[in-house]
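Here is model07.cif, consisting of mmCIF, C-alpha atoms and all ligand atoms:
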data_entry
loop_
_atom_site.group_PDB
_atom_site.id
_atom_site.type_symbol
_atom_site.label_atom_id
_atom_site.label_comp_id
_atom_site.auth_asym_id
_atom_site.auth_seq_id
_atom_site.Cartn_x
_atom_site.Cartn_y
_atom_site.Cartn_z
ATOM 1 C CA MET A 296 0.000 0.000 0.000
ATOM 2 C CA LYS A 297 1.427 3.353 -0.929
ATOM 3 C CA HIS A 298 0.282 6.956 -0.776
ATOM 4 C CA PHE A 299 -0.136 8.749 -4.140
ATOM 5 C CA ILE A 300 2.728 11.210 -3.724
ATOM 6 C CA SER A 301 5.044 11.237 -6.719
ATOM 7 C CA MET A 302 5.169 10.006 -10.304
ATOM 8 C CA GLU A 303 8.552 8.507 -9.297
ATOM 9 C CA ASP A 304 6.641 5.738 -7.484
ATOM 10 C CA ILE A 305 4.052 5.058 -10.198
ATOM 11 C CA THR A 306 4.636 2.381 -12.820
ATOM 12 C CA ASN A 307 3.644 2.570 -16.494
ATOM 13 C CA GLU A 308 1.163 -0.244 -15.882
ATOM 14 C CA GLU A 309 -0.529 1.761 -13.118
ATOM 15 C CA ILE A 310 -0.781 4.768 -15.453
ATOM 16 C CA TYR A 311 -2.523 2.740 -18.164
ATOM 17 C CA GLN A 312 -4.911 1.306 -15.531
ATOM 18 C CA LEU A 313 -5.702 4.820 -14.291
ATOM 19 C CA LEU A 314 -6.285 6.088 -17.847
ATOM 20 C CA GLU A 315 -8.638 3.184 -18.440
ATOM 21 C CA MET A 316 -10.526 3.922 -15.238
ATOM 22 C CA ALA A 317 -10.778 7.619 -16.131
ATOM 23 C CA ARG A 318 -12.301 6.557 -19.473
ATOM 24 C CA MET A 319 -14.790 4.327 -17.670
ATOM 25 C CA TYR A 320 -15.884 7.237 -15.464
ATOM 26 C CA ARG A 321 -16.193 9.540 -18.485
ATOM 27 C CA GLU A 322 -18.510 7.097 -20.204
ATOM 28 C CA ALA A 323 -20.841 6.050 -17.414
ATOM 29 C CA GLU A 324 -21.988 7.119 -13.978
ATOM 30 C CA TYR A 325 -20.718 5.078 -11.020
ATOM 31 C CA LYS A 326 -21.232 5.493 -7.274
ATOM 32 C CA ILE A 327 -19.377 4.169 -4.268
ATOM 33 C CA THR A 328 -22.218 2.816 -2.153
ATOM 34 C CA LYS A 329 -20.283 2.472 1.122
ATOM 35 C CA GLN A 330 -20.240 5.680 3.186
ATOM 36 C CA THR A 331 -16.690 7.016 2.874
ATOM 37 C CA PHE A 332 -15.268 10.256 4.307
ATOM 38 C CA VAL A 333 -12.541 12.142 2.462
ATOM 39 C CA ALA A 334 -10.923 15.456 3.417
ATOM 40 C CA ASN A 335 -9.547 18.124 1.114
ATOM 41 C CA LEU A 336 -6.682 19.792 2.979
ATOM 42 C CA PHE A 337 -5.443 22.689 0.875
ATOM 43 C CA PHE A 338 -2.793 24.814 2.596
ATOM 44 C CA GLU A 339 -2.054 26.703 -0.658
ATOM 45 C CA PRO A 340 -4.432 28.515 -3.034
ATOM 46 C CA SER A 341 -6.191 26.442 -5.674
ATOM 47 C CA THR A 342 -9.101 26.815 -8.075
ATOM 48 C CA ARG A 343 -8.868 23.933 -10.556
ATOM 49 C CA THR A 344 -7.370 21.186 -8.427
ATOM 50 C CA LYS A 345 -9.596 21.802 -5.415
ATOM 51 C CA THR A 346 -12.851 22.162 -7.317
ATOM 52 C CA SER A 347 -12.125 19.205 -9.548
ATOM 53 C CA PHE A 348 -11.383 17.013 -6.515
ATOM 54 C CA THR A 349 -14.676 18.202 -5.019
ATOM 55 C CA VAL A 350 -16.604 17.372 -8.193
ATOM 56 C CA ALA A 351 -14.816 14.006 -8.490
ATOM 57 C CA GLU A 352 -15.704 13.154 -4.881
ATOM 58 C CA ARG A 353 -19.348 14.221 -5.280
ATOM 59 C CA LYS A 354 -19.740 12.262 -8.518
ATOM 60 C CA LEU A 355 -18.466 9.182 -6.673
ATOM 61 C CA GLY A 356 -20.875 9.831 -3.805
ATOM 62 C CA LEU A 357 -18.133 10.373 -1.204
ATOM 63 C CA ASP A 358 -18.684 12.457 1.951
ATOM 64 C CA ILE A 359 -16.432 15.507 1.951
ATOM 65 C CA LEU A 360 -14.884 17.003 5.077
ATOM 66 C CA ASP A 361 -13.991 20.530 4.046
ATOM 67 C CA PHE A 362 -11.181 22.579 5.485
ATOM 68 C CA ALA A 363 -9.874 26.138 5.265
ATOM 69 C CA THR A 364 -6.592 27.144 6.905
ATOM 70 C CA GLU A 365 -7.986 30.571 7.930
ATOM 71 C CA THR A 366 -10.707 29.038 10.102
ATOM 72 C CA SER A 367 -8.745 26.006 11.332
ATOM 73 C CA SER A 368 -6.662 25.456 14.484
ATOM 74 C CA MET A 369 -3.561 26.183 12.375
ATOM 75 C CA GLN A 370 -4.352 29.771 13.349
ATOM 76 C CA LYS A 371 -3.649 28.643 16.922
ATOM 77 C CA GLY A 372 -0.294 27.203 15.850
ATOM 78 C CA GLU A 373 -1.285 23.601 15.159
ATOM 79 C CA SER A 374 1.253 21.796 12.944
ATOM 80 C CA LEU A 375 0.572 20.056 9.623
ATOM 81 C CA TYR A 376 1.144 16.664 11.264
ATOM 82 C CA ASP A 377 -1.319 17.332 14.127
ATOM 83 C CA THR A 378 -3.928 18.705 11.721
ATOM 84 C CA VAL A 379 -3.638 15.632 9.501
ATOM 85 C CA LYS A 380 -3.676 13.252 12.482
ATOM 86 C CA THR A 381 -6.877 14.951 13.705
ATOM 87 C CA PHE A 382 -8.603 14.236 10.400
ATOM 88 C CA GLU A 383 -7.510 10.618 10.596
ATOM 89 C CA ALA A 384 -8.792 10.321 14.179
ATOM 90 C CA VAL A 385 -12.120 11.940 13.379
ATOM 91 C CA GLY A 386 -12.780 9.288 10.754
ATOM 92 C CA ALA A 387 -11.501 10.572 7.403
ATOM 93 C CA GLU A 388 -10.652 7.618 5.168
ATOM 94 C CA CYS A 389 -8.617 9.423 2.515
ATOM 95 C CA LEU A 390 -6.771 12.754 2.551
ATOM 96 C CA ILE A 391 -6.066 15.097 -0.345
ATOM 97 C CA ILE A 392 -3.202 17.425 0.614
ATOM 98 C CA ARG A 393 -1.624 20.482 -1.037
ATOM 99 C CA HIS A 394 1.160 22.267 0.810
ATOM 100 C CA GLU A 395 3.996 24.640 -0.117
ATOM 101 C CA ASP A 396 6.753 22.465 1.379
ATOM 102 C CA ASP A 397 8.526 20.252 -1.196
ATOM 103 C CA GLU A 398 8.900 17.426 1.314
ATOM 104 C CA TRP A 399 5.731 17.604 3.434
ATOM 105 C CA SER A 400 4.886 13.987 2.704
ATOM 106 C CA LYS A 401 8.060 12.692 4.409
ATOM 107 C CA ALA A 402 6.763 13.727 7.832
ATOM 108 C CA LEU A 403 3.462 11.905 7.260
ATOM 109 C CA ASN A 404 4.387 8.924 5.108
ATOM 110 C CA LYS A 405 4.730 6.122 7.659
ATOM 111 C CA LYS A 406 2.643 7.711 10.408
ATOM 112 C CA ILE A 407 -0.731 8.122 8.713
ATOM 113 C CA ASN A 408 -2.738 4.952 8.206
ATOM 114 C CA ILE A 409 -5.164 6.146 5.551
ATOM 115 C CA PRO A 410 -4.327 6.912 1.909
ATOM 116 C CA ILE A 411 -2.933 10.345 1.095
ATOM 117 C CA ILE A 412 -3.157 11.898 -2.368
ATOM 118 C CA ASN A 413 -0.698 14.672 -3.183
ATOM 119 C CA ALA A 414 -2.502 17.642 -4.754
ATOM 120 C CA GLY A 415 0.747 19.623 -5.005
ATOM 121 C CA SER A 416 3.968 19.669 -2.959
ATOM 122 C CA GLY A 417 6.048 22.856 -3.287
ATOM 123 C CA LYS A 418 8.154 22.825 -6.451
ATOM 124 C CA LYS A 419 8.485 19.058 -6.394
ATOM 125 C CA ASP A 420 5.482 16.951 -7.355
ATOM 126 C CA HIS A 421 2.003 17.327 -8.799
ATOM 127 C CA PRO A 422 1.054 13.768 -9.797
ATOM 128 C CA THR A 423 -2.701 14.325 -10.226
ATOM 129 C CA GLN A 424 -2.045 17.207 -12.658
ATOM 130 C CA SER A 425 0.339 14.933 -14.498
ATOM 131 C CA LEU A 426 -2.277 12.188 -14.842
ATOM 132 C CA LEU A 427 -4.828 14.590 -16.329
ATOM 133 C CA ASP A 428 -2.162 15.896 -18.724
ATOM 134 C CA LEU A 429 -1.314 12.320 -19.739
ATOM 135 C CA ASP A 430 -5.021 11.648 -20.222
ATOM 136 C CA THR A 431 -5.346 14.700 -22.470
ATOM 137 C CA ILE A 432 -2.321 13.662 -24.559
ATOM 138 C CA TYR A 433 -3.502 10.029 -24.762
ATOM 139 C CA GLN A 434 -6.968 11.063 -25.950
ATOM 140 C CA GLU A 435 -5.290 13.051 -28.694
ATOM 141 C CA TYR A 436 -2.635 10.628 -29.903
ATOM 142 C CA GLY A 437 -3.450 7.228 -28.356
ATOM 143 C CA TYR A 438 0.233 6.598 -27.493
ATOM 144 C CA PHE A 439 3.236 8.230 -25.801
ATOM 145 C CA LYS A 440 6.235 6.481 -27.349
ATOM 146 C CA GLY A 441 8.234 8.843 -29.533
ATOM 147 C CA LEU A 442 5.980 11.858 -28.966
ATOM 148 C CA LYS A 443 7.983 15.067 -28.698
ATOM 149 C CA VAL A 444 6.810 16.974 -25.649
ATOM 150 C CA VAL A 445 8.239 20.421 -24.959
ATOM 151 C CA ILE A 446 7.848 21.858 -21.464
ATOM 152 C CA ALA A 447 8.298 25.616 -21.663
ATOM 153 C CA GLY A 448 8.770 28.408 -19.150
ATOM 154 C CA ASP A 449 9.492 28.544 -15.427
ATOM 155 C CA VAL A 450 10.862 24.993 -15.260
ATOM 156 C CA LYS A 451 12.946 25.728 -12.162
ATOM 157 C CA HIS A 452 9.978 26.376 -9.869
ATOM 158 C CA SER A 453 7.417 24.050 -11.444
ATOM 159 C CA ARG A 454 6.125 20.841 -9.865
ATOM 160 C CA VAL A 455 4.063 20.301 -13.027
ATOM 161 C CA ALA A 456 7.256 20.205 -15.120
ATOM 162 C CA ARG A 457 8.945 17.694 -12.797
ATOM 163 C CA SER A 458 6.036 15.260 -12.520
ATOM 164 C CA ASN A 459 5.285 15.358 -16.233
ATOM 165 C CA ALA A 460 8.890 15.080 -17.413
ATOM 166 C CA GLN A 461 9.446 12.051 -15.159
ATOM 167 C CA MET A 462 6.331 10.167 -16.188
ATOM 168 C CA LEU A 463 6.341 11.082 -19.873
ATOM 169 C CA SER A 464 9.903 9.890 -20.325
ATOM 170 C CA LYS A 465 9.134 6.633 -18.479
ATOM 171 C CA LEU A 466 6.285 6.162 -20.968
ATOM 172 C CA GLY A 467 8.666 6.632 -23.898
ATOM 173 C CA ALA A 468 7.980 10.234 -24.916
ATOM 174 C CA GLU A 469 10.906 12.505 -25.830
ATOM 175 C CA VAL A 470 10.943 15.349 -23.326
ATOM 176 C CA TYR A 471 12.577 18.701 -24.130
ATOM 177 C CA LEU A 472 12.723 21.798 -21.975
ATOM 178 C CA THR A 473 12.909 25.418 -23.004
ATOM 179 C CA ALA A 474 13.332 28.248 -20.531
ATOM 180 C CA PRO A 475 15.092 31.568 -19.956
ATOM 181 C CA ASP A 476 18.433 31.126 -18.145
ATOM 182 C CA HIS A 477 17.047 32.212 -14.776
ATOM 183 C CA PHE A 478 14.301 29.547 -14.968
ATOM 184 C CA THR A 479 16.449 26.572 -15.971
ATOM 185 C CA GLU A 480 17.185 23.623 -13.679
ATOM 186 C CA THR A 481 20.032 21.570 -15.106
ATOM 187 C CA GLU A 482 19.728 18.749 -12.551
ATOM 188 C CA LEU A 483 16.542 17.531 -14.216
ATOM 189 C CA GLY A 484 18.577 15.867 -16.957
ATOM 190 C CA TYR A 485 16.402 16.636 -19.997
ATOM 191 C CA PRO A 486 17.816 18.589 -22.968
ATOM 192 C CA TYR A 487 17.146 22.329 -23.233
ATOM 193 C CA ILE A 488 16.529 23.755 -26.696
ATOM 194 C CA PRO A 489 15.766 27.326 -27.861
ATOM 195 C CA ILE A 490 12.068 28.265 -27.956
ATOM 196 C CA ASP A 491 11.838 28.677 -31.747
ATOM 197 C CA GLU A 492 13.368 25.251 -32.365
ATOM 198 C CA ALA A 493 11.105 23.733 -29.670
ATOM 199 C CA ILE A 494 7.943 25.148 -31.208
ATOM 200 C CA GLY A 495 8.793 23.667 -34.614
ATOM 201 C CA ILE A 496 9.430 20.092 -33.444
ATOM 202 C CA CYS A 497 6.858 19.501 -30.709
ATOM 203 C CA ASP A 498 3.731 17.335 -30.826
ATOM 204 C CA VAL A 499 2.714 18.688 -27.423
ATOM 205 C CA LEU A 500 3.636 22.126 -26.112
ATOM 206 C CA MET A 501 3.211 22.302 -22.353
ATOM 207 C CA LEU A 502 3.397 25.906 -21.176
ATOM 208 C CA LEU A 503 4.097 26.778 -17.542
ATOM 209 C CA ARG A 504 3.001 29.740 -15.446
ATOM 210 C CA ILE A 505 5.745 31.968 -14.029
ATOM 211 C CA GLN A 506 5.673 30.928 -10.347
ATOM 212 C CA HIS A 507 6.230 34.370 -8.760
ATOM 213 C CA GLU A 508 5.268 33.069 -5.321
ATOM 214 C CA ARG A 509 8.229 30.656 -5.362
ATOM 215 C CA HIS A 510 10.881 33.157 -6.517
ATOM 216 C CA GLU A 511 13.414 34.188 -3.916
ATOM 217 C CA ALA A 512 13.852 37.701 -5.318
ATOM 218 C CA LYS A 513 11.176 39.803 -6.969
ATOM 219 C CA SER A 514 12.063 40.459 -10.601
ATOM 220 C CA ASN A 515 10.661 42.008 -13.733
ATOM 221 C CA SER A 516 10.596 38.562 -15.243
ATOM 222 C CA THR A 517 7.439 39.224 -17.255
ATOM 223 C CA LEU A 518 8.971 42.172 -19.158
ATOM 224 C CA ASN A 519 9.162 41.161 -22.874
ATOM 225 C CA TYR A 520 8.597 37.560 -21.733
ATOM 226 C CA LEU A 521 5.981 36.779 -24.379
ATOM 227 C CA GLU A 522 8.175 37.990 -27.245
ATOM 228 C CA GLU A 523 11.296 36.261 -25.971
ATOM 229 C CA PHE A 524 10.031 33.012 -24.457
ATOM 230 C CA GLY A 525 6.261 32.725 -24.817
ATOM 231 C CA LEU A 526 3.803 31.466 -27.421
ATOM 232 C CA THR A 527 3.172 34.405 -29.735
ATOM 233 C CA LYS A 528 0.745 34.313 -32.664
ATOM 234 C CA LYS A 529 3.745 34.108 -35.007
ATOM 235 C CA ARG A 530 5.256 31.117 -33.205
ATOM 236 C CA GLU A 531 1.912 29.291 -33.116
ATOM 237 C CA LYS A 532 1.842 29.413 -36.927
ATOM 238 C CA SER A 533 5.083 27.403 -37.090
ATOM 239 C CA MET A 534 3.747 24.535 -34.956
ATOM 240 C CA LYS A 535 3.128 21.154 -36.627
ATOM 241 C CA PRO A 536 -0.443 20.816 -37.963
ATOM 242 C CA ARG A 537 -1.539 18.346 -35.248
ATOM 243 C CA ALA A 538 0.446 19.794 -32.340
ATOM 244 C CA ILE A 539 -1.542 20.751 -29.247
ATOM 245 C CA ILE A 540 -1.095 23.329 -26.497
ATOM 246 C CA LEU A 541 -1.410 22.481 -22.801
ATOM 247 C CA HIS A 542 -1.190 24.740 -19.739
ATOM 248 C CA PRO A 543 -2.045 23.627 -16.185
ATOM 249 C CA GLY A 544 -3.524 27.033 -15.360
ATOM 250 C CA PRO A 545 -3.948 29.573 -14.032
ATOM 251 C CA VAL A 546 -2.758 31.268 -17.244
ATOM 252 C CA ASN A 547 -0.997 34.625 -17.266
ATOM 253 C CA ARG A 548 -2.601 35.869 -20.460
ATOM 254 C CA GLY A 549 -0.150 37.847 -22.593
ATOM 255 C CA VAL A 550 2.855 36.448 -20.686
ATOM 256 C CA GLU A 551 3.297 32.702 -21.380
ATOM 257 C CA ILE A 552 0.800 32.801 -24.213
ATOM 258 C CA ASP A 553 -0.845 35.416 -26.409
ATOM 259 C CA THR A 554 -4.348 35.913 -25.028
ATOM 260 C CA SER A 555 -5.978 35.096 -28.386
ATOM 261 C CA LEU A 556 -4.411 31.598 -28.311
ATOM 262 C CA VAL A 557 -5.761 30.502 -24.920
ATOM 263 C CA GLU A 558 -8.901 29.110 -26.546
ATOM 264 C CA CYS A 559 -7.563 28.557 -30.066
ATOM 265 C CA GLN A 560 -8.203 25.391 -32.059
ATOM 266 C CA ARG A 561 -5.005 23.679 -30.823
ATOM 267 C CA SER A 562 -5.502 24.626 -27.217
ATOM 268 C CA ARG A 563 -6.586 21.812 -24.873
ATOM 269 C CA ILE A 564 -6.467 24.025 -21.782
ATOM 270 C CA ASN A 565 -10.171 23.706 -20.949
ATOM 271 C CA LYS A 566 -10.131 20.038 -21.935
ATOM 272 C CA GLN A 567 -7.404 19.499 -19.327
ATOM 273 C CA ILE A 568 -9.671 20.949 -16.645
ATOM 274 C CA GLU A 569 -12.555 18.716 -17.729
ATOM 275 C CA ASN A 570 -10.280 15.643 -17.788
ATOM 276 C CA GLY A 571 -9.058 16.507 -14.294
ATOM 277 C CA VAL A 572 -12.366 15.409 -12.789
ATOM 278 C CA TYR A 573 -12.187 11.891 -14.287
ATOM 279 C CA ALA A 574 -8.451 11.514 -13.637
ATOM 280 C CA ARG A 575 -9.064 12.351 -9.961
ATOM 281 C CA MET A 576 -12.039 9.978 -9.747
ATOM 282 C CA ALA A 577 -9.681 7.253 -10.980
ATOM 283 C CA ILE A 578 -6.952 8.128 -8.449
ATOM 284 C CA LEU A 579 -9.442 8.299 -5.556
ATOM 285 C CA THR A 580 -10.816 4.876 -6.498
ATOM 286 C CA LYS A 581 -7.352 3.334 -6.865
ATOM 287 C CA GLN A 582 -6.320 4.562 -3.415
ATOM 288 C CA LEU A 583 -9.556 3.542 -1.689
ATOM 289 C CA LEU A 584 -9.342 0.035 -3.208
ATOM 290 C CA GLU A 585 -5.626 -0.412 -2.540
ATOM 291 C CA TRP A 586 -6.010 0.583 1.122
ATOM 292 C CA LYS A 587 -9.118 -1.615 1.418
ATOM 293 C CA VAL A 588 -11.318 1.279 2.471
ATOM 294 C CA ILE A 589 -13.759 -0.045 -0.135
ATOM 295 C CA ASN A 590 -14.154 -3.271 -2.127
ATOM 296 C CA LYS A 591 -14.818 -3.584 -5.855
ATOM 297 C CA THR A 592 -18.415 -4.556 -5.034
ATOM 298 C CA ASP A 593 -18.942 -1.136 -3.392
ATOM 299 C CA ILE A 594 -18.597 0.500 -6.849
ATOM 300 C CA VAL A 595 -21.923 0.350 -8.627
ATOM 301 C CA LYS A 596 -22.767 1.449 -12.168
ATOM 302 C CA VAL A 597 -25.716 3.823 -12.066
ATOM 303 C CA LYS A 598 -26.220 4.698 -15.720
ATOM 304 C CA PRO A 599 -24.346 5.614 -18.907
ATOM 305 C CA ARG A 600 -23.510 9.287 -19.095
ATOM 306 C CA ILE A 601 -25.856 11.096 -21.462
ATOM 307 C CA VAL A 602 -23.788 12.704 -24.181
ATOM 308 C CA ALA A 603 -25.743 15.458 -25.949
ATOM 309 C CA THR A 604 -26.039 15.025 -29.712
ATOM 310 C CA LYS A 605 -25.195 17.948 -31.989
ATOM 311 C CA LYS A 606 -28.901 18.561 -32.491
ATOM 312 C CA GLN A 607 -29.625 18.648 -28.747
ATOM 313 C CA LYS A 608 -26.716 21.019 -28.201
ATOM 314 C CA ALA A 609 -28.075 23.387 -30.852
ATOM 315 C CA ASN A 610 -31.479 23.590 -29.136
HETATM 316 C C1 LIG B 701 -0.475 24.300 -11.058
HETATM 317 C C2 LIG B 701 -0.009 24.181 -9.625
HETATM 318 O O1 LIG B 701 -0.694 24.547 -8.682
HETATM 319 O O2 LIG B 701 1.091 23.674 -9.481
HETATM 320 N N1 LIG B 701 -1.842 24.584 -11.179
HETATM 321 C C3 LIG B 701 -2.770 23.615 -11.057
HETATM 322 O O3 LIG B 701 -2.708 22.780 -10.187
HETATM 323 N N2 LIG B 701 -3.748 23.605 -11.978
HETATM 324 C C4 LIG B 701 0.375 25.216 -11.839
HETATM 325 C C5 LIG B 701 0.460 26.650 -11.441
HETATM 326 O O4 LIG B 701 -0.016 27.075 -10.400
HETATM 327 O O5 LIG B 701 1.058 27.391 -12.208
#
What does this structure look like when you write it as structure tokens?
Ligand code: NCD
Amino acid sequence: MKHFISMEDITNEEIYQLLEMARMYREAEYKITKQTFVANLFFEPSTRTKTSFTVAERKLGLDILDFATETSSMQKGESLYDTVKTFEAVGAECLIIRHEDDEWSKALNKKINIPIINAGSGKKDHPTQSLLDLDTIYQEYGYFKGLKVVIAGDVKHSRVARSNAQMLSKLGAEVYLTAPDHFTETELGYPYIPIDEAIGICDVLMLLRIQHERHEAKSNSTLNYLEEFGLTKKREKSMKPRAIILHPGPVNRGVEIDTSLVECQRSRINKQIENGVYARMAILTKQLLEWKVINKTDIVKVKPRIVATKKQKAN
């Protein structure tokens, strides 16, 4: 039994099983019939990850214990460990945690006896974002081997870059990085190439937000950023015909990407958000099954999802 902390610990086989489960949840409605309590413990801001976990949990019929740092006993000085232990003691059966510390999971790993899902750890890991990105790429291409994926921008401070680079290369994709000098991280071990070369060769362009909140010194790093390192309208025109654009959000419009391209034909940015719900349903189910919180027989098919036809959509 393991917590869902880092793509380092996840095998290719597990990824394909999760993608299959995400597909199953996209195509039909399932409920977990056994009452199960899960807690969303977000110690850092979040819009997409937190709401998509909430939707995933509600779709599965789980009972959510909500939490906000501002109104919790953390205001009285309670530590992360004691807060988490309290949720375990009160009866939570799975914990979703986001925290600014790169290594927060180390303090909890062996001491918490219910599954933990990492919803973001500092600059280090963001495995649930990675799964939804993999899902989006897989829906598009149906394979990973040999795909050229370029991760562009603030690589140094990005947990999205780390988790995706690790898993995509394990799955056989060719990972390239492109970043201004002050945002490069050489230890990662993937080749850096100039932005204009990167744009021309990629099948998937994964843009990153500039992570101001993780920079040690304030800088004017957004000055001329779009022209020098971002996806301008001119650069988009030199992408391969089938190449797609990803961004984990939130997007700095006009910085990483020209604002007119955020919803362009190649952009899968909103698709990523939609896929996040099903990817997280799959991860929740995997963890609850693996830790024997639920059995397979507790998952019951309710009905196929109703997909609107073109005609219905027009009405
Ligand atoms: C990312 C994160 O929080 O790491 N966002 C997300 O989860 N959708 C990326 C970011 O904040 O730039």
Find the smallest box with edges along x, y and z containing every listed atom of ligand LIG 701 (chain B), then add 4 Å on each side and report centre and edge lengths in Å to one decimal, as JSON.
{"center_x": -1.3, "center_y": 25.1, "center_z": -10.4, "size_x": 12.8, "size_y": 12.6, "size_z": 11.5}
A:Phe362, A:Asn307, A:Ser562, A:Tyr325: which is nearest Gly467 in chain A, counting all atoms listed in the file? A:Asn307
Top pick for closest residue to ligand LIG 701 (chain B), considering A:Gly549, A:Pro536, A:Pro543, A:Gly525 and counting all atoms listed in the file: A:Pro543
Near His298 in chain A, within 8 Å and counting only C-alpha atoms, which residues show up once chain neighbours fewer than 4 positions away are dropped, as a PyMOL selection string? chain A and resi 404+410-412+582
Nearby residues (all atoms listed in the file) at most 9 Å from Arg548 in chain A, same-chain spacing under 6 positions excluded, as a PyMOL selection string: chain A and resi 554-555+557
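As for CA of Asp491 in chain A and CA of Gly544 in chain A, they are spaced 22.5 Å apart.
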Set the cut-off to 10 Å, count only C-alpha atoms and all ligand atoms, and list whatever residues fall near ligand LIG 701 (chain B) as a ChimeraX atom specification. /A:339-345,347,393-395,414-425,449,452-456,502-508,542-547,567-568,571
What lies within 9 Å of Met316 in chain A using all atoms listed in the file, ignoring chain neighbours under 6 positions off, as a list of chain:residue names? A:Tyr573, A:Ala574, A:Met576, A:Ala577, A:Ile578, A:Thr580, A:Lys581
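CA of Tyr311 in chain A is found 15.4 Å from CA of Phe299 in chain A.
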For range 551-556 of chain A, supply all heavy atoms and report the output as a JSON list (two decimals), keeping the file's coordinate frame.
[["chain", "number", "residue", "atom", "x", "y", "z"],
["A", 551, "GLU", "N", 2.83, 33.99, -20.80],
["A", 551, "GLU", "CA", 3.30, 32.70, -21.38],
["A", 551, "GLU", "C", 2.70, 32.49, -22.77],
["A", 551, "GLU", "O", 3.24, 31.75, -23.58],
["A", 551, "GLU", "CB", 2.84, 31.50, -20.54],
["A", 551, "GLU", "CG", 3.28, 31.45, -19.13],
["A", 551, "GLU", "CD", 2.23, 31.95, -18.16],
["A", 551, "GLU", "OE1", 1.05, 31.58, -18.25],
["A", 551, "GLU", "OE2", 2.63, 32.74, -17.29],
["A", 552, "ILE", "N", 1.55, 33.09, -22.98],
["A", 552, "ILE", "CA", 0.80, 32.80, -24.21],
["A", 552, "ILE", "C", 0.02, 34.05, -24.62],
["A", 552, "ILE", "O", -0.54, 34.75, -23.75],
["A", 552, "ILE", "CB", -0.14, 31.59, -23.98],
["A", 552, "ILE", "CG1", -0.98, 31.25, -25.21],
["A", 552, "ILE", "CG2", -1.04, 31.76, -22.78],
["A", 552, "ILE", "CD1", -1.71, 29.89, -25.12],
["A", 553, "ASP", "N", -0.03, 34.31, -25.92],
["A", 553, "ASP", "CA", -0.84, 35.42, -26.41],
["A", 553, "ASP", "C", -2.30, 35.13, -26.04],
["A", 553, "ASP", "O", -2.78, 34.01, -26.20],
["A", 553, "ASP", "CB", -0.70, 35.51, -27.93],
["A", 553, "ASP", "CG", -1.38, 36.76, -28.48],
["A", 553, "ASP", "OD1", -2.63, 36.73, -28.62],
["A", 553, "ASP", "OD2", -0.67, 37.74, -28.73],
["A", 554, "THR", "N", -2.99, 36.15, -25.55],
["A", 554, "THR", "CA", -4.35, 35.91, -25.03],
["A", 554, "THR", "C", -5.29, 35.30, -26.07],
["A", 554, "THR", "O", -6.14, 34.49, -25.73],
["A", 554, "THR", "CB", -4.91, 37.20, -24.38],
["A", 554, "THR", "OG1", -6.11, 36.86, -23.70],
["A", 554, "THR", "CG2", -5.13, 38.31, -25.38],
["A", 555, "SER", "N", -5.08, 35.63, -27.35],
["A", 555, "SER", "CA", -5.98, 35.10, -28.39],
["A", 555, "SER", "C", -5.77, 33.59, -28.61],
["A", 555, "SER", "O", -6.57, 32.95, -29.29],
["A", 555, "SER", "CB", -5.77, 35.84, -29.70],
["A", 555, "SER", "OG", -4.48, 35.53, -30.20],
["A", 556, "LEU", "N", -4.69, 33.02, -28.07],
["A", 556, "LEU", "CA", -4.41, 31.60, -28.31],
["A", 556, "LEU", "C", -4.92, 30.70, -27.19],
["A", 556, "LEU", "O", -4.93, 29.47, -27.32],
["A", 556, "LEU", "CB", -2.90, 31.37, -28.49],
["A", 556, "LEU", "CG", -2.25, 32.09, -29.68],
["A", 556, "LEU", "CD1", -0.74, 31.88, -29.65],
["A", 556, "LEU", "CD2", -2.83, 31.58, -31.00]]
